[in-house]
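Asks: There's a structure below that I have some questions on.
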Amino acid sequence: MENLMDKIVSLTKRRGFVFLSSEIYGGFSSCYDYGPLGVEMKNNIKKLWWDEMTKMHDNIVGLDASILMSPKIWEASGHLTAGFADELVECKKCHHRFRKDFLEKNKCPDCNGELTEPRKFNLMMKTFIGPVEDEKNIAYLRAETCQGIYVNFKNVMNSMRLKIPFGIAQIGKSFRNEITPKDFIYRTREFEQMEMQWFCRPEEADKFFDYWKNERINWYLNLGIKKENLRARETPKEELAHYARKAFDIEYNFPFGWKEIEGVHNRGDWDLSNHSKHSGENLNYFDEKEKKYFYPYIIETSVGVERSLFAFLCDSYEEIIGGRTKTTEAKKEKEIVLKLDKKLAPIKVAVFPLVKNNEKIIQKSKEVYKMLKTDFVCFYDENDSIGRRYRRQDECGTPFDITIDFESLEKDDVTVRDRDTMNQERIGISKLKPFLEEKLKK
Ligand code: ATP
């Protein structure tokens with residue numbers, strides 16, 4: 001779709017999903033704020049991922065490690081050395097800076113000027129702990145959540161009496177001083193990751209790598225991402241990160257091309273052996289059957305909350321030129337529907353009084369709203385024509401709109417409109433809760 005990117009940026013601002021951070025001060029370098037609908041949708045994504053990992057799998061437990069950690073962790077992991085640096089080039093004419101691996105030719109993409117030789121640029125965000133800003137007090141905002149998992153491997157395993165294979169899941173903020181943050185919320189300097197680290201026997205690593213790759217692809221498909229917009233791409237050997245033995249990127253067909261939304265990596269014993277070496281604490285595993293110690297291999301699944309939210313928004317965006325509603329003033333107007341999976345939708349149910357000037361209808365509508373709002377994320381709206389209210393909720397991806405009309409006063413029922421089919425059903429108010437519960441489960 002032409003300009004899908006612009007349309008998504010505009011819709012997400014108009015409907016309260018995503019705002020430019022510090023907007024009244026002119027914005028702040030690729031930082032974004034998530035509005036009322038954005039935060040609901042992010043919470044839905046995180047909850048769905050968390051439940052998938054910790055409830056649907058027997059042997060995965062959770063962790064919430066600190067963002068600030070000992071800098072020694074980042075030395076051991078390779079993040080403070082060349083391992084976590086991008087190659088930066090600068091245009092000699094306009095002085096714009098670029099990531100070398102993103103350039104198609106050796107000229108400045110902005111002014112065609114000549115570029116400098118590449119130099120390594122470390123992506124760790126630096127800060128100072130305490131009041132004195134000197135070398136001794138440097139700390140880093142974590143660049144990935146998984147290091148907090150590796151250094152807690154023994155704590156978690158021993159406290160929960162776990163035996164391999166098992167997994168540790170974590171959701172949290174990460175920070176990278178990206179040279180070229182771009183493409184809206186796709187690449188930012190502050191983002192949230194959902195990472196799961198699966199500890200297993202080395203000889204089982206290939207089997208679990210395939211298992212997790214398939215599980216993760218299915219997660220997106222089950223949440224409505226169209227099959228043709230998703231693919232898995234094996235990372236060629238020469239592009240593998242310093243810790244990876246094997247890697248698959250799960251890619252989504254964004255308006256700006258196929259791009260990674262999630263990485264699945266076989267990290268071998270890199271992390272546990274390195275942290276053992278650097279910390280002096282042996283993070284190995286004792287095999288009771290074979291009576292020997294070894295370092296488990298790690299299969300990692302790692303996804304950004306914002307990147308997946310962006311993919312879900314792009315995939316569900318539909319525009320109907322001329323409008324779906326032929327009988328109202330919506331005729332000939334363009335209509336937008338976000339066909340989000342019901343589990344992802346930020347608002348589940350909207351409640352409308354048919355008219356604003358009838359006290360009985362308003363009162364009944366508020367009663368229905370009050371009854372539903374403790375069980376569903378609910379939105380009450382009495383402004384504008386009913387057609388406009390439907391269309392506003394379609395743009396927000398709200399699966400069900402409930403209208404209270406004159407008949408409702410006599411029959412104690414409502415109409416429930418389905419976002420996708422626009423079918424309207426009359427449902428008794430006493431049956432409304434179980435009806436919606438059933439519908440929203442699917
Ligand atoms: P890229 O090649 O796009 O820089 P990466 O391969 O360095 O990404 P990983 O280190 O594998 O990314 O991070 C795992 C996941 O974390 C990514 O798939 C993505 O969803 C998310 N992520 C990484 N960097 C960013 C960022 N700057 N902004 C938003 N999300 C990010």
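Please note that chains go A, B, ... in the order of the structure tokens, that every chain numbers its residues from 1, and that ligands are numbered from 1 in the order shown.
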Could you name the residues that touch Lys42 (chain A) at 10 Å or less, counting only C-alpha atoms, but leaving out those on the same chain fewer than 5 positions away, as a PyMOL selection string?
Replies: chain A and resi 17+34+37+47-48+192+305-306+308-309+344-346
Asks: Running DSSP on the backbone, which parts of region 193-272 of chain A land in alpha helix (DSSP H), as a list in words?
Replies: Ala205, Asp206, Lys207, Phe208, Phe209, Asp210, Tyr211, Trp212, Lys213, Asn214, Glu215, Arg216, Ile217, Asn218, Trp219, Tyr220, Leu221, Asn222, Trp270, Asp271 and Leu272 of chain A
Asks: Let me have all residues with an atom within 8 Å of ligand 1, counting only C-alpha atoms and all ligand atoms, laid out as a count of residues only.
Replies: 32
Asks: Give me the residues within 12 Å of Asn3 (chain A) as a ChimeraX atom specification, counting only C-alpha atoms and dropping any in the same chain fewer than 4 places off.
Replies: /A:7-10,254-256,314
Asks: List the neighbours of Leu272 (chain A) out to 8 Å using only C-alpha atoms; skip same-chain residues closer than 2 positions along the sequence, and give me the result as a list in words.
Replies: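 Everything that qualifies: Tyr150, Val151, Asp269, Trp270, Asn274, His275, Ser276, Leu283, Asn284, Tyr295 and Pro296 of chain A.
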Asks: Here is a test: counting only C-alpha atoms, which residue of A:Ala247, A:Val89, A:Leu440, A:Ile427 is nearest to Asn106 (chain A)?
Replies: A:Val89
Asks: If DSSP is run on the backbone, what residues of region 132-355 of chain A are strand (DSSP E)? A reply as a ChimeraX atom specification would be ideal.
Replies: /A:138-141,166-175,190-200,230-234,246-254,257-268,285-287,292-294,297-304,317-320,335-338,349-353
Asks: Deliver the residues from the most recent selection as a file, using C-alpha atoms, as a PDB file, in the first residue's frame.
Replies:
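Output (selection.pdb):
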ATOM      1  CA  ILE A 138      31.041   4.443  34.919  1.00  0.00           C
ATOM      2  CA  ALA A 139      28.074   2.148  34.477  1.00  0.00           C
ATOM      3  CA  TYR A 140      26.073   1.138  31.425  1.00  0.00           C
ATOM      4  CA  LEU A 141      22.393   0.861  30.696  1.00  0.00           C
ATOM      5  CA  PHE A 166      14.700 -25.355  31.216  1.00  0.00           C
ATOM      6  CA  GLY A 167      14.164 -21.748  30.270  1.00  0.00           C
ATOM      7  CA  ILE A 168      14.279 -18.306  31.896  1.00  0.00           C
ATOM      8  CA  ALA A 169      12.077 -15.559  30.451  1.00  0.00           C
ATOM      9  CA  GLN A 170      12.430 -11.827  30.960  1.00  0.00           C
ATOM     10  CA  ILE A 171      10.803  -8.656  29.676  1.00  0.00           C
ATOM     11  CA  GLY A 172      12.453  -5.274  30.131  1.00  0.00           C
ATOM     12  CA  LYS A 173      13.967  -2.129  28.722  1.00  0.00           C
ATOM     13  CA  SER A 174      17.215  -2.152  26.785  1.00  0.00           C
ATOM     14  CA  PHE A 175      19.244   0.749  25.434  1.00  0.00           C
ATOM     15  CA  GLU A 190      15.388   2.848  24.092  1.00  0.00           C
ATOM     16  CA  PHE A 191      13.207  -0.213  23.588  1.00  0.00           C
ATOM     17  CA  GLU A 192      11.738  -3.181  25.373  1.00  0.00           C
ATOM     18  CA  GLN A 193      12.830  -6.746  24.804  1.00  0.00           C
ATOM     19  CA  MET A 194      11.120 -10.049  25.504  1.00  0.00           C
ATOM     20  CA  GLU A 195      13.838 -12.655  25.771  1.00  0.00           C
ATOM     21  CA  MET A 196      13.810 -16.318  26.679  1.00  0.00           C
ATOM     22  CA  GLN A 197      16.984 -18.291  27.264  1.00  0.00           C
ATOM     23  CA  TRP A 198      16.686 -22.057  26.990  1.00  0.00           C
ATOM     24  CA  PHE A 199      19.425 -24.072  28.715  1.00  0.00           C
ATOM     25  CA  CYS A 200      19.991 -27.554  27.297  1.00  0.00           C
ATOM     26  CA  LEU A 230       6.461 -13.442   7.648  1.00  0.00           C
ATOM     27  CA  ARG A 231       9.624 -15.357   6.840  1.00  0.00           C
ATOM     28  CA  ALA A 232      12.584 -16.917   8.589  1.00  0.00           C
ATOM     29  CA  ARG A 233      16.029 -16.171   7.249  1.00  0.00           C
ATOM     30  CA  GLU A 234      19.115 -18.051   8.340  1.00  0.00           C
ATOM     31  CA  LYS A 246      23.670 -20.449  14.416  1.00  0.00           C
ATOM     32  CA  ALA A 247      20.959 -17.809  14.017  1.00  0.00           C
ATOM     33  CA  PHE A 248      17.607 -17.270  12.372  1.00  0.00           C
ATOM     34  CA  ASP A 249      15.960 -13.918  11.950  1.00  0.00           C
ATOM     35  CA  ILE A 250      12.174 -13.907  11.886  1.00  0.00           C
ATOM     36  CA  GLU A 251      11.437 -11.140   9.411  1.00  0.00           C
ATOM     37  CA  TYR A 252       8.312  -9.125   8.713  1.00  0.00           C
ATOM     38  CA  ASN A 253       7.454  -7.438   5.433  1.00  0.00           C
ATOM     39  CA  PHE A 254       7.394  -3.819   6.703  1.00  0.00           C
ATOM     40  CA  GLY A 257      11.096  -3.885   3.288  1.00  0.00           C
ATOM     41  CA  TRP A 258      11.731  -7.247   4.954  1.00  0.00           C
ATOM     42  CA  LYS A 259      13.274  -6.601   8.376  1.00  0.00           C
ATOM     43  CA  GLU A 260      14.019  -8.575  11.521  1.00  0.00           C
ATOM     44  CA  ILE A 261      11.467  -8.607  14.300  1.00  0.00           C
ATOM     45  CA  GLU A 262      12.916 -11.473  16.298  1.00  0.00           C
ATOM     46  CA  GLY A 263      16.176 -13.364  16.517  1.00  0.00           C
ATOM     47  CA  VAL A 264      16.520 -17.045  17.429  1.00  0.00           C
ATOM     48  CA  HIS A 265      20.112 -17.896  18.296  1.00  0.00           C
ATOM     49  CA  ASN A 266      22.138 -20.896  19.300  1.00  0.00           C
ATOM     50  CA  ARG A 267      24.654 -19.185  21.613  1.00  0.00           C
ATOM     51  CA  GLY A 268      26.491 -22.402  22.487  1.00  0.00           C
ATOM     52  CA  TYR A 285      25.848 -27.907  35.465  1.00  0.00           C
ATOM     53  CA  PHE A 286      26.271 -31.256  37.181  1.00  0.00           C
ATOM     54  CA  ASP A 287      24.891 -34.210  35.307  1.00  0.00           C
ATOM     55  CA  LYS A 292      30.200 -34.868  35.231  1.00  0.00           C
ATOM     56  CA  TYR A 293      30.096 -31.082  34.941  1.00  0.00           C
ATOM     57  CA  PHE A 294      29.485 -29.219  31.688  1.00  0.00           C
ATOM     58  CA  TYR A 297      24.150 -24.629  25.545  1.00  0.00           C
ATOM     59  CA  ILE A 298      21.745 -21.742  25.237  1.00  0.00           C
ATOM     60  CA  ILE A 299      19.004 -21.272  22.663  1.00  0.00           C
ATOM     61  CA  GLU A 300      17.751 -17.709  22.773  1.00  0.00           C
ATOM     62  CA  THR A 301      14.573 -16.154  21.425  1.00  0.00           C
ATOM     63  CA  SER A 302      14.674 -12.349  21.444  1.00  0.00           C
ATOM     64  CA  VAL A 303      12.046  -9.905  20.248  1.00  0.00           C
ATOM     65  CA  GLY A 304      11.400  -6.183  20.646  1.00  0.00           C
ATOM     66  CA  TYR A 317      -4.381  -1.967   8.701  1.00  0.00           C
ATOM     67  CA  GLU A 318      -7.145  -1.948   6.088  1.00  0.00           C
ATOM     68  CA  GLU A 319      -8.507   0.949   4.122  1.00  0.00           C
ATOM     69  CA  ILE A 320     -11.861   0.815   2.396  1.00  0.00           C
ATOM     70  CA  GLU A 335     -12.826   4.027   6.102  1.00  0.00           C
ATOM     71  CA  ILE A 336      -9.971   2.584   8.106  1.00  0.00           C
ATOM     72  CA  VAL A 337     -10.241  -0.644  10.083  1.00  0.00           C
ATOM     73  CA  LEU A 338      -7.520  -2.112  12.265  1.00  0.00           C
ATOM     74  CA  VAL A 349     -15.666  -3.083  23.965  1.00  0.00           C
ATOM     75  CA  ALA A 350     -17.105   0.374  23.249  1.00  0.00           C
ATOM     76  CA  VAL A 351     -20.465   1.416  24.710  1.00  0.00           C
ATOM     77  CA  PHE A 352     -22.671   3.964  22.953  1.00  0.00           C
ATOM     78  CA  PRO A 353     -26.045   5.471  23.793  1.00  0.00           C
TER      79      PRO A 353
END
Asks: As a ChimeraX atom specification, please: the residues near Ser21 (chain A) (cut-off 12 Å, only C-alpha atoms, same-chain neighbours under 6 positions excluded).
Replies: /A:13,27-35,184-185,188,190
Asks: Region 375-383 of chain A: which residues within 9 Å, counting only C-alpha atoms, same-chain residues fewer than 6 positions away excluded, as a PyMOL selection string?
Replies: chain A and resi 40+346-356+362+365-366+369+389+433+436-437
